[in-house]
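Asks: Take a look at this one; I'll ask things after.
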Amino acid sequence: MEKKKYVWIFIGGAAIGIIAAILYGMKGKEKNEEAEASVITATYVPYGENEYIYVSDEAGVFTVTAPPEMYDILDKNGNKIALNQLVKGNKVKIYGDGIMLESYPGQYPGASRIEVIEEGSPSDADQYQEIVDALYTEPDPAEPPTLQVDYTTDLAAVTVLANRGGYEWVYMDKDGLSNAVVADSPHVLDWGELLIDISLTEPTDLVLAFSEKPEDVEVIRYDSSLTGKGQDVPEGEKIEVTKKDDQLVLEAVEGGYVYEVVGIWENGRATYGFLTVNNK
């Protein structure tokens with residue numbers, strides 16, 4: 001919300017605040033009209049674990065990729081709520097700059113506010129099941145969760161799927177029998193082309209978004225000059241993982257490092273890796 005700015009104009013020694021107030025009111029009206037012109041009406045459709053889309057006649061299928069601290073979500077009574085408090089079938093109005101990034105689903109990094117305008121019902125979202133089916137594949141219980149790395153640049157909100165290396169995993173098959181799987185892999189420094197690049201122009205927060213929330217996460221980074229020298233088992237630097245708004249965050253990450261991420265669950269553990277690159 002914009003703060004009122006009163007500009008005092010001195011005419012013959014008299015301060016005229018009324019003029020400034022009128023000018024501010026006119027400016028505020030223009031801003032309100034501009035905001036109203038950038039409103040998208042959509043249906044909220046969650047799927048999988050912590051995944052969702054908005055479906056709109058005017059804007060198609062998209063997600064809001066603005067950082068959580070940059071926009072509010074309000075219920076019908078105007079109370080602030082979290083994203084996970086939205087309910088399948090909710091009808092919402094999404095305010096913002098109206099600029100949708102071209103991807104599928106679309107990405108909306110410029111959202112500034114989301115308001116629930118109608119509770120709706122889960123059945124209202126069932127008509128979009130074909131869209132959900134195209135986006136979501138039921139996880140294979142024989143494999144550990146996946147890891148995607150989310151971050152925001154000046155131009156876009158970016159999502160990168162990190163490759164998975166070795167893992168130890170226990171799962172129940174369709175007959176209810178317990179099975180154990182062990183998969184080996186080279187040291188992360190020896191992954192070669194399997195290391196996905198993350199290009200950074202400045203220190204950037206990276207969000208570690210697992211498809212299933214782990215009980216613990218361990219992160220070690222290596223200078224990228226050590227790439228290909230994993231057999232020497234060089235000593236890496238342990239990196240702290242910060243929790244922000246229920247997200248796992250690596251803060252102020254810079255280019256020039258290989259990251260090894262180990263997720264730990266009740267069922268086992270798995271290793272993931274990526275490379276950060278300076279793109280200044």
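Within each chain, counting starts at residue 1; across the structure tokens, chains are named A, B, ... in the order shown, with ligands numbered 1 upward in that order.
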With only C-alpha atoms counted and 9 Å as the cut-off, give the residues of segment 63-158 of chain A in contact with segment 47-53 of chain A, each with its shortest interatomic distance in Å and the pair that gives it, as JSON lines.

Replies:
```
{"residue": "A:Thr63", "atom": "CA", "partner": "A:Ile53", "partner_atom": "CA", "distance": 5.2}
{"residue": "A:Val64", "atom": "CA", "partner": "A:Ile53", "partner_atom": "CA", "distance": 8.3}
{"residue": "A:Asn84", "atom": "CA", "partner": "A:Asn50", "partner_atom": "CA", "distance": 7.6}
{"residue": "A:Lys88", "atom": "CA", "partner": "A:Tyr47", "partner_atom": "CA", "distance": 8.9}
{"residue": "A:Pro105", "atom": "CA", "partner": "A:Ile53", "partner_atom": "CA", "distance": 7.7}
{"residue": "A:Val132", "atom": "CA", "partner": "A:Tyr47", "partner_atom": "CA", "distance": 7.1}
{"residue": "A:Tyr136", "atom": "CA", "partner": "A:Gly48", "partner_atom": "CA", "distance": 7.1}
{"residue": "A:Thr137", "atom": "CA", "partner": "A:Gly48", "partner_atom": "CA", "distance": 8.5}
{"residue": "A:Glu138", "atom": "CA", "partner": "A:Gly48", "partner_atom": "CA", "distance": 7.6}
```

Asks: Restricted to N, CA and C atoms, what would the selected residues look like written as an mmCIF file, in the first residue's frame?

Replies:
```
data_model
loop_
_atom_site.group_PDB
_atom_site.id
_atom_site.type_symbol
_atom_site.label_atom_id
_atom_site.label_comp_id
_atom_site.auth_asym_id
_atom_site.auth_seq_id
_atom_site.Cartn_x
_atom_site.Cartn_y
_atom_site.Cartn_z
ATOM 1 N N THR A 63 1.133 -20.583 -12.629
ATOM 2 C CA THR A 63 1.422 -20.555 -11.207
ATOM 3 C C THR A 63 1.943 -19.165 -10.859
ATOM 4 N N VAL A 64 1.793 -18.788 -9.610
ATOM 5 C CA VAL A 64 2.341 -17.514 -9.135
ATOM 6 C C VAL A 64 3.748 -17.785 -8.617
ATOM 7 N N ASN A 84 -1.133 -22.720 1.482
ATOM 8 C CA ASN A 84 -1.694 -24.047 1.729
ATOM 9 C C ASN A 84 -3.060 -24.011 2.412
ATOM 10 N N LYS A 88 -9.154 -26.450 -2.804
ATOM 11 C CA LYS A 88 -9.442 -26.836 -4.178
ATOM 12 C C LYS A 88 -10.800 -26.299 -4.612
ATOM 13 N N PRO A 105 3.262 -24.806 -17.261
ATOM 14 C CA PRO A 105 2.295 -23.727 -17.071
ATOM 15 C C PRO A 105 2.985 -22.356 -17.112
ATOM 16 N N VAL A 132 -4.216 -31.463 -15.053
ATOM 17 C CA VAL A 132 -3.411 -31.986 -13.942
ATOM 18 C C VAL A 132 -2.714 -33.275 -14.356
ATOM 19 N N TYR A 136 1.263 -33.925 -13.933
ATOM 20 C CA TYR A 136 1.657 -34.673 -12.737
ATOM 21 C C TYR A 136 1.728 -36.171 -13.001
ATOM 22 N N THR A 137 2.838 -36.757 -12.604
ATOM 23 C CA THR A 137 3.003 -38.201 -12.657
ATOM 24 C C THR A 137 3.158 -38.726 -11.242
ATOM 25 N N GLU A 138 2.373 -39.708 -10.898
ATOM 26 C CA GLU A 138 2.444 -40.283 -9.553
ATOM 27 C C GLU A 138 3.858 -40.788 -9.285
#
```

Asks: Mind the document's chain letters and residue numbers, and return as number ranges by chain the residues of segment 46-185 of chain A that DSSP labels strand (DSSP E or B).

Replies: A: 46-47, 51-56, 60-64, 72-74, 80, 91-96, 101, 106-108, 111-118, 147-152, 157-172, 178-183

Asks: Name all residues at most 10 Å from Pro139 of chain A (count only C-alpha atoms; drop same-chain ones fewer than 5 positions away) and give them as a list of chain:residue names.

Replies: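 Result of the neighbour search: A:Gly48, A:Pro144, A:Pro145, A:Thr146, A:Ser211, A:Glu212.
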
Asks: Quick one: write out the picked residues with N, CA and C atoms as an mmCIF file, in the first residue's frame?

Replies:
```
data_model
loop_
_atom_site.group_PDB
_atom_site.id
_atom_site.type_symbol
_atom_site.label_atom_id
_atom_site.label_comp_id
_atom_site.auth_asym_id
_atom_site.auth_seq_id
_atom_site.Cartn_x
_atom_site.Cartn_y
_atom_site.Cartn_z
ATOM 1 N N GLY A 48 -0.927 -33.399 -6.345
ATOM 2 C CA GLY A 48 0.305 -33.973 -5.820
ATOM 3 C C GLY A 48 0.533 -33.513 -4.391
ATOM 4 N N PRO A 144 13.561 -42.514 -4.640
ATOM 5 C CA PRO A 144 13.487 -41.382 -3.702
ATOM 6 C C PRO A 144 12.840 -40.176 -4.351
ATOM 7 N N PRO A 145 12.475 -39.173 -3.560
ATOM 8 C CA PRO A 145 11.874 -37.956 -4.102
ATOM 9 C C PRO A 145 12.812 -37.228 -5.067
ATOM 10 N N THR A 146 12.242 -36.341 -5.845
ATOM 11 C CA THR A 146 13.034 -35.498 -6.739
ATOM 12 C C THR A 146 13.350 -34.181 -6.029
ATOM 13 N N SER A 211 10.214 -33.087 -3.740
ATOM 14 C CA SER A 211 8.835 -33.545 -3.996
ATOM 15 C C SER A 211 8.216 -34.150 -2.740
ATOM 16 N N GLU A 212 9.044 -34.547 -1.790
ATOM 17 C CA GLU A 212 8.570 -34.978 -0.472
ATOM 18 C C GLU A 212 9.500 -34.367 0.563
#
```

Asks: Please measure the separation of atom CA of Glu168 of chain A and atom CA of Thr276 of chain A, giving the value in Å to one decimal.

Replies: 26.2 Å

Asks: Select, from A:Ile239, A:Leu200, A:Val217, A:Met172, the residue with the minimum atom-to-atom distance to Leu147 of chain A, counting only C-alpha atoms.

Replies: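 Residue with the minimum atom-to-atom distance to Leu147 of chain A: A:Val217.
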
Asks: Which residues are near Ala157 of chain A? Cut-off 7 Å, only C-alpha atoms, ignore same chain within fewer than 5 positions. Put them as a ChimeraX atom specification.

Replies: /A:65,109,151-152

Asks: Excluding segment 259-268 of chain A and residues on its chain fewer than 6 positions from it, collect all residues at most 10 Å away from it, counting only C-alpha atoms, and give them as a ChimeraX atom specification.

Replies: /A:144-147,162,164-172,180-182,187-189,195,208,210,212-224,236-239,274-276

Asks: Have a look at A:Thr41, A:Gln148, A:Asn278, A:Gln231 and name the one nearest to Ser185 of chain A; count only C-alpha atoms.

Replies: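 Selected residue with least distance to Ser185 of chain A: A:Gln231.
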
Asks: Show me, as a list in words, the residues that have an atom within 10 Å of Ile117 of chain A when counting only C-alpha atoms, minus same-chain residues fewer than 2 positions from it.

Replies: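 That gives Thr41, Ala42, Leu74, Asp75, Lys76, Asn77, Gly78, Asn90, Lys91, Val92, Lys93, Ile114, Glu115, Glu119 and Gly120 of chain A.
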